[in-house]
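Colleague: Supplied in structure tokens, the structure appears directly below.
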Amino acid sequence: MLYPIASLDADKISAIQALEKELGSPIVALSEVDTDNAELSEEKLKKLQKLEEELDLVLLAVRPS
């Protein structure tokens, strides 16, 4: 599963903003995406990890659909 930032309509944004105000804390909305990780060779995995380190990001290789 992946959880990217959700695309929200105006009503959902308003509801979240109201709760943020009540809680006094920002809220991040994520949506669920069903996916499978790609099976990478050791060499390819090392390349992915190297780029993660260079970019200071978390990268995930997924199986093409």
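Ordering of the structure tokens sets the chain letters (A, B, ...), residue numbers begin anew at 1 in every chain, and ligands are numbered from 1 in the order given.
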Could you go through chain A and tell me which residues DSSP, when run on the backbone, assigns to strand (DSSP E or B), listing them as a list in words?
Modeller: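 Matching residues, listed in order: Leu2, Ile5, Leu30, Val33, Asn37 and Val62 of chain A.
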Colleague: Contacts of Leu40 of chain A at 9 Å or less, counting only C-alpha atoms, minus same-chain residues fewer than 4 places along, as a list in words?
Modeller: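 Those residues are Lys44, Leu45 and Ala61 of chain A.
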Colleague: List every residue of chain A that DSSP, applied to the backbone of this structure, assigns to alpha helix (DSSP H), and report them as a VMD selection string.
Modeller: chain A and resid 10 to 23 42 to 55
Colleague: Record the distance separating atom CA of Val33 of chain A and atom CA of Lys21 of chain A, expressed in Å with one decimal.
Modeller: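 Spanning atom CA of Val33 of chain A to atom CA of Lys21 of chain A is a straight-line distance of 28.2 Å.
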Colleague: What is the distance, in Å and to one decimal place, between atom CA of Asn37 of chain A and atom CA of Leu8 of chain A?
Modeller: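 Straight-line distance from atom CA of Asn37 of chain A to atom CA of Leu8 of chain A works out to 26.3 Å.
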